[in-house]
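See below for the structure under consideration.
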Amino acid sequence: MLTLVTGSTGQVGRRFVPRLLAQARAGERVRVIVRDAARAERFAELGAEVVVGDLRDTDVLGKAVSGVDAVVNVAASFRGVPDEEAWAVNHEAAVALGKASLASGVRRFVQVSTGMVYGVGRGRPLTEEDESRPGGQMWGAYNESKVAAERELLALDTMDVRVARLPFVYGEGDPHLANSLQWAANWASNQRLHMGHHADVAQGLLRVLHAPGVAGRVYNIADDAPVTAVELHLLNGVGIPADLDRNTDPDPWFGIMSTERIRRELGYRPLYPTAWTAREAGAL
């Protein structure tokens with residue numbers, strides 16, 4: 001089995017690929033595609049095959065998927081990029097990768113998406129059956145492009161496509177946790193963020209990748225306990241803004257996902273059920 005991973009130098013990909021390599025059995029290989037060869041040296045040292053080039057280059061794309069059995073599309077472009085860039089990477093490149101994979105005979109395709117596709121809350125944990133409802137302060141090109149990519153990839157019904165929706169990912173030195181304060185500093189004190197540690201995101205992706213008989217399924221991956229704006233400040237070791245308690249939460253269930261499906265069907269159990277567990281383990 002040869003598995004291609006895109007987005008391998010991003011915050012999720014660079015932590016997922018070593019874990020994928022570490023659990024590979026005899027005869028299983030991993031290939032990564034990178035734009036900068038120097039950034040792939042670590043993966044090559046661990047045993048990964050490396051294709052250098054841009055995912056949006058047709059020739060490079062054909063080389064990347066040649067002989068591949070499975071694809072894990074981690075590549076994404078989000079906060080701080082122009083809308084055109086978000087659509088080009090998250091939708092156009094993802095769909096092109098899916099079609100190239102289908103044409104090349106790839107048997108399994110994992111689209112890594114986001115819980116942000118749900119949009120506004122439903123007054124309960126969001127389930128994989130919930131349709132996207134655009135809206136809310138965090139809605140934008142990132143969400144829209146990911147929704148569009150999911151739909152078109154799942155429509156490639158002659159290839160086994162499954163989708164993994166991630167929460168706010170943190171841990172292992174990822175600056176994402178510190179970055180959360182740019183929003184949390186203006187939230188209500190009890191406003192919550194659903195997170196997932198890199199170790200658990202990798203665990204979830206591996207389960208989605210290897211599970212038999214789940215073509216067309218969508219899975220939420222997250223920890224067991226969303227954290228509040230107050231907790232985000234405490235986890236980052238900074239003071240709590242004085243006026244946080246005067247703010248109101250416009251959508252208390254925004255981004256709060258149910259993980260019942262992945263737990264029941266794929267046996268997922270977070271290694272770090274809460275961010276506090278990760279802090280106690282020195283895994284932040």
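How things are named: the first chain in the structure tokens is A, the next is B, and so on; residues count from 1 in each chain; ligands count from 1 in the order shown.
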Exercise. Neighbours of A:Trp139 within 8 Å (only C-alpha atoms; same-chain residues fewer than 5 positions away dropped), as a list in words?
Worked result: Met116, Gly119, Pro134 and Glu144 of chain A
Problem set entry | stretch 265-276 of chain A surroundings by only C-alpha atoms, 9 Å radius, close-in-sequence under 4 positions cut, as a ChimeraX atom specification | /A:170-171,195-197,199-201,203-204,207-208,211,221-227,235,259-261,280-281,284
Exercise. What is the atom CA of A:Pro250 to atom CA of A:Gly136 distance in Å?
Worked result: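 So the two atoms, atom CA of A:Pro250 and atom CA of A:Gly136, lie 8.5 Å apart.
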Exercise. Using only C-alpha atoms, which residues sit within 8 Å of stretch 236-239 of chain A once same-chain residues fewer than 4 positions away are excluded, as JSON, numbers by chain?
Worked result: {"A": [177, 178, 232]}
For this session: State, in Å with one decimal place, the distance from atom CA of A:Val32 to atom CA of A:Thr6.
Result: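 That distance, rounded to one decimal, is 6.0 Å.
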Residues of stretch 214-278 of chain A that have any atom at most 12 Å from an atom of stretch 89-108 of chain A: could you tabulate them with the shortest-distance atom pair and the distance in Å to one decimal, using only C-alpha atoms, ordered by chain and increasing number, as a Markdown table?
| residue | atom | partner | partner_atom | distance |
| --- | --- | --- | --- | --- |
| A:Val214 | CA | A:Arg108 | CA | 10.2 |
| A:Ala215 | CA | A:Arg108 | CA | 8.2 |
| A:Gly216 | CA | A:Arg108 | CA | 10.4 |
Exercise. With distances taken over only C-alpha atoms, which of A:Glu172, A:Ile33, A:Leu21, A:Asp83 is nearest to A:Lys63?
Worked result: A:Ile33
Problem set entry | Members of stretch 44-204 of chain A assigned helix (DSSP H, G or I) by DSSP, as number ranges by chain | A: 44-46, 58-65, 83-104, 115-118, 141-154, 176-179, 181-184, 198-204
How would the residues just picked look written out with C-alpha atoms as a PDB file, in the first residue's frame?
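Below you can see part_6.pdb, which holds the result:
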ATOM      1  CA  ALA A  44      12.870  11.426   3.651  1.00  0.00           C
ATOM      2  CA  GLU A  45      15.081  10.506   6.608  1.00  0.00           C
ATOM      3  CA  LEU A  46      12.090   8.743   8.164  1.00  0.00           C
ATOM      4  CA  THR A  58      -0.876  19.141 -13.538  1.00  0.00           C
ATOM      5  CA  ASP A  59       2.400  17.374 -14.292  1.00  0.00           C
ATOM      6  CA  VAL A  60       3.413  17.284 -10.633  1.00  0.00           C
ATOM      7  CA  LEU A  61      -0.051  16.078  -9.657  1.00  0.00           C
ATOM      8  CA  GLY A  62       0.138  13.186 -12.109  1.00  0.00           C
ATOM      9  CA  LYS A  63       3.536  12.157 -10.758  1.00  0.00           C
ATOM     10  CA  ALA A  64       2.309  12.417  -7.163  1.00  0.00           C
ATOM     11  CA  VAL A  65      -0.679  10.081  -7.618  1.00  0.00           C
ATOM     12  CA  ASP A  83     -10.349  34.484  -0.706  1.00  0.00           C
ATOM     13  CA  GLU A  84      -9.002  33.515  -4.135  1.00  0.00           C
ATOM     14  CA  GLU A  85      -6.144  31.599  -2.502  1.00  0.00           C
ATOM     15  CA  ALA A  86      -8.522  29.793  -0.135  1.00  0.00           C
ATOM     16  CA  TRP A  87     -10.703  28.669  -3.024  1.00  0.00           C
ATOM     17  CA  ALA A  88      -7.726  27.692  -5.181  1.00  0.00           C
ATOM     18  CA  VAL A  89      -6.219  25.402  -2.533  1.00  0.00           C
ATOM     19  CA  ASN A  90      -9.207  24.179  -0.535  1.00  0.00           C
ATOM     20  CA  HIS A  91     -11.578  23.586  -3.417  1.00  0.00           C
ATOM     21  CA  GLU A  92     -10.001  23.648  -6.867  1.00  0.00           C
ATOM     22  CA  ALA A  93      -6.787  21.817  -5.951  1.00  0.00           C
ATOM     23  CA  ALA A  94      -8.646  19.321  -3.741  1.00  0.00           C
ATOM     24  CA  VAL A  95     -11.131  18.425  -6.473  1.00  0.00           C
ATOM     25  CA  ALA A  96      -8.345  18.217  -9.075  1.00  0.00           C
ATOM     26  CA  LEU A  97      -6.462  15.869  -6.746  1.00  0.00           C
ATOM     27  CA  GLY A  98      -9.584  13.753  -6.326  1.00  0.00           C
ATOM     28  CA  LYS A  99     -10.156  13.477 -10.076  1.00  0.00           C
ATOM     29  CA  ALA A 100      -6.488  12.718 -10.745  1.00  0.00           C
ATOM     30  CA  SER A 101      -6.603  10.061  -8.027  1.00  0.00           C
ATOM     31  CA  LEU A 102      -9.678   8.486  -9.566  1.00  0.00           C
ATOM     32  CA  ALA A 103      -8.065   8.456 -13.020  1.00  0.00           C
ATOM     33  CA  SER A 104      -4.894   6.910 -11.582  1.00  0.00           C
ATOM     34  CA  GLY A 115     -15.893  21.458  11.755  1.00  0.00           C
ATOM     35  CA  MET A 116     -16.227  25.053  10.551  1.00  0.00           C
ATOM     36  CA  VAL A 117     -18.245  23.747   7.587  1.00  0.00           C
ATOM     37  CA  TYR A 118     -21.300  23.362   9.835  1.00  0.00           C
ATOM     38  CA  ALA A 141     -14.136  31.664   2.054  1.00  0.00           C
ATOM     39  CA  TYR A 142     -12.363  28.987   4.104  1.00  0.00           C
ATOM     40  CA  ASN A 143     -15.633  27.405   5.234  1.00  0.00           C
ATOM     41  CA  GLU A 144     -17.328  27.772   1.859  1.00  0.00           C
ATOM     42  CA  SER A 145     -14.426  26.305  -0.096  1.00  0.00           C
ATOM     43  CA  LYS A 146     -14.179  23.325   2.257  1.00  0.00           C
ATOM     44  CA  VAL A 147     -17.925  22.637   1.977  1.00  0.00           C
ATOM     45  CA  ALA A 148     -17.742  22.768  -1.825  1.00  0.00           C
ATOM     46  CA  ALA A 149     -14.737  20.421  -1.895  1.00  0.00           C
ATOM     47  CA  GLU A 150     -16.445  17.878   0.376  1.00  0.00           C
ATOM     48  CA  ARG A 151     -19.516  17.778  -1.818  1.00  0.00           C
ATOM     49  CA  GLU A 152     -17.661  17.338  -5.094  1.00  0.00           C
ATOM     50  CA  LEU A 153     -15.267  14.737  -3.747  1.00  0.00           C
ATOM     51  CA  LEU A 154     -18.048  12.661  -2.173  1.00  0.00           C
ATOM     52  CA  HIS A 176      -2.311  27.630  17.356  1.00  0.00           C
ATOM     53  CA  LEU A 177      -3.099  27.624  21.080  1.00  0.00           C
ATOM     54  CA  ALA A 178      -1.507  31.038  21.585  1.00  0.00           C
ATOM     55  CA  ASN A 179      -3.203  32.288  18.409  1.00  0.00           C
ATOM     56  CA  LEU A 181      -6.338  34.548  22.120  1.00  0.00           C
ATOM     57  CA  GLN A 182      -6.832  36.863  19.166  1.00  0.00           C
ATOM     58  CA  TRP A 183     -10.468  35.724  19.260  1.00  0.00           C
ATOM     59  CA  ALA A 184     -10.909  34.622  22.856  1.00  0.00           C
ATOM     60  CA  HIS A 198      -2.358  16.670  17.349  1.00  0.00           C
ATOM     61  CA  ALA A 199      -1.924  13.164  18.747  1.00  0.00           C
ATOM     62  CA  ASP A 200      -5.684  12.623  18.627  1.00  0.00           C
ATOM     63  CA  VAL A 201      -6.119  14.232  15.218  1.00  0.00           C
ATOM     64  CA  ALA A 202      -3.462  11.831  13.904  1.00  0.00           C
ATOM     65  CA  GLN A 203      -5.147   8.924  15.667  1.00  0.00           C
ATOM     66  CA  GLY A 204      -8.486   9.857  14.144  1.00  0.00           C
TER      67      GLY A 204
END
For this session: Would you mind writing down, as JSON, numbers by chain, each residue of stretch 114-234 of chain A that DSSP on the backbone assigns to strand (DSSP E or B)?
Result: {"A": [114, 119, 126, 133, 160, 161, 162, 163, 164, 165, 166, 168, 169, 170, 192, 193, 195, 196, 197, 218, 219, 220, 227, 228]}
Dump as a CSV table (one decimal), in the first residue's frame, selection limited to N, CA, C and O atoms:
chain,number,residue,atom,x,y,z
A,114,THR,N,-13.0,20.4,8.0
A,114,THR,CA,-13.1,21.2,9.3
A,114,THR,C,-14.5,21.2,9.8
A,114,THR,O,-15.5,21.2,9.0
A,119,GLY,N,-21.1,25.8,10.1
A,119,GLY,CA,-21.7,27.1,10.2
A,119,GLY,C,-22.3,27.3,11.5
A,119,GLY,O,-21.8,27.0,12.6
A,126,LEU,N,-23.0,19.2,17.1
A,126,LEU,CA,-23.1,19.0,15.7
A,126,LEU,C,-22.8,17.6,15.3
A,126,LEU,O,-21.8,17.1,15.6
A,133,ARG,N,-24.9,25.3,7.4
A,133,ARG,CA,-25.8,26.5,7.5
A,133,ARG,C,-24.8,27.7,7.6
A,133,ARG,O,-24.4,28.1,8.6
A,160,ASP,N,-13.6,5.3,-3.3
A,160,ASP,CA,-13.9,5.3,-1.8
A,160,ASP,C,-13.4,6.6,-1.2
A,160,ASP,O,-12.2,6.8,-0.9
A,161,VAL,N,-14.3,7.5,-1.0
A,161,VAL,CA,-14.0,8.8,-0.4
A,161,VAL,C,-14.6,8.9,1.0
A,161,VAL,O,-15.8,8.6,1.2
A,162,ARG,N,-13.8,9.3,2.0
A,162,ARG,CA,-14.3,9.5,3.3
A,162,ARG,C,-13.7,10.9,3.8
A,162,ARG,O,-12.7,11.3,3.3
A,163,VAL,N,-14.5,11.5,4.7
A,163,VAL,CA,-14.2,12.9,5.1
A,163,VAL,C,-13.9,12.9,6.6
A,163,VAL,O,-14.7,12.3,7.4
A,164,ALA,N,-12.9,13.6,7.0
A,164,ALA,CA,-12.6,13.8,8.5
A,164,ALA,C,-12.7,15.3,8.8
A,164,ALA,O,-11.9,16.1,8.1
A,165,ARG,N,-13.5,15.7,9.7
A,165,ARG,CA,-13.7,17.1,10.0
A,165,ARG,C,-13.0,17.4,11.4
A,165,ARG,O,-13.3,16.8,12.4
A,166,LEU,N,-12.0,18.3,11.3
A,166,LEU,CA,-11.2,18.6,12.5
A,166,LEU,C,-11.7,19.8,13.3
A,166,LEU,O,-12.3,20.7,12.7
A,168,PHE,N,-10.4,22.8,16.4
A,168,PHE,CA,-9.3,23.7,16.5
A,168,PHE,C,-8.1,22.8,17.0
A,168,PHE,O,-8.2,22.3,18.1
A,169,VAL,N,-7.1,22.7,16.3
A,169,VAL,CA,-6.0,21.7,16.6
A,169,VAL,C,-4.9,22.4,17.4
A,169,VAL,O,-4.5,23.5,17.0
A,170,TYR,N,-4.3,21.7,18.4
A,170,TYR,CA,-3.3,22.3,19.2
A,170,TYR,C,-2.3,21.2,19.7
A,170,TYR,O,-2.5,20.1,19.4
A,192,ARG,N,-17.2,28.9,24.2
A,192,ARG,CA,-16.4,27.7,24.1
A,192,ARG,C,-15.7,27.5,22.7
A,192,ARG,O,-16.3,27.9,21.7
A,193,LEU,N,-14.6,26.8,22.8
A,193,LEU,CA,-13.9,26.4,21.6
A,193,LEU,C,-13.6,24.9,21.7
A,193,LEU,O,-13.1,24.4,22.6
A,195,MET,N,-11.6,21.7,20.7
A,195,MET,CA,-10.2,21.5,20.3
A,195,MET,C,-9.9,20.0,20.2
A,195,MET,O,-10.7,19.1,20.6
A,196,GLY,N,-8.8,19.7,19.6
A,196,GLY,CA,-8.3,18.4,19.5
A,196,GLY,C,-6.8,18.4,19.4
A,196,GLY,O,-6.2,19.2,18.7
A,197,HIS,N,-6.1,17.6,20.2
A,197,HIS,CA,-4.7,17.5,20.2
A,197,HIS,C,-4.1,16.9,19.0
A,197,HIS,O,-4.8,16.0,18.4
A,218,VAL,N,-18.6,10.4,6.8
A,218,VAL,CA,-18.0,11.7,7.4
A,218,VAL,C,-17.8,11.4,8.9
A,218,VAL,O,-18.7,10.9,9.5
A,219,TYR,N,-16.6,11.9,9.4
A,219,TYR,CA,-16.3,11.7,10.8
A,219,TYR,C,-15.8,13.0,11.4
A,219,TYR,O,-14.9,13.6,10.9
A,220,ASN,N,-16.4,13.4,12.6
A,220,ASN,CA,-15.9,14.4,13.4
A,220,ASN,C,-14.8,13.9,14.2
A,220,ASN,O,-14.9,12.8,14.8
A,227,VAL,N,-13.2,24.0,25.6
A,227,VAL,CA,-12.7,24.9,26.6
A,227,VAL,C,-13.3,26.3,26.5
A,227,VAL,O,-13.6,26.8,25.3
A,228,THR,N,-13.4,27.0,27.6
A,228,THR,CA,-14.0,28.4,27.5
A,228,THR,C,-12.9,29.4,27.3
A,228,THR,O,-11.7,29.1,27.3
For this session: Pick out the closest residue to A:Ser8 from this set: A:Asp57, A:Ala229, A:Val74, A:Asp69. Count only C-alpha atoms.
Result: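 Of the candidates, the smallest distance to A:Ser8 is held by A:Val74.
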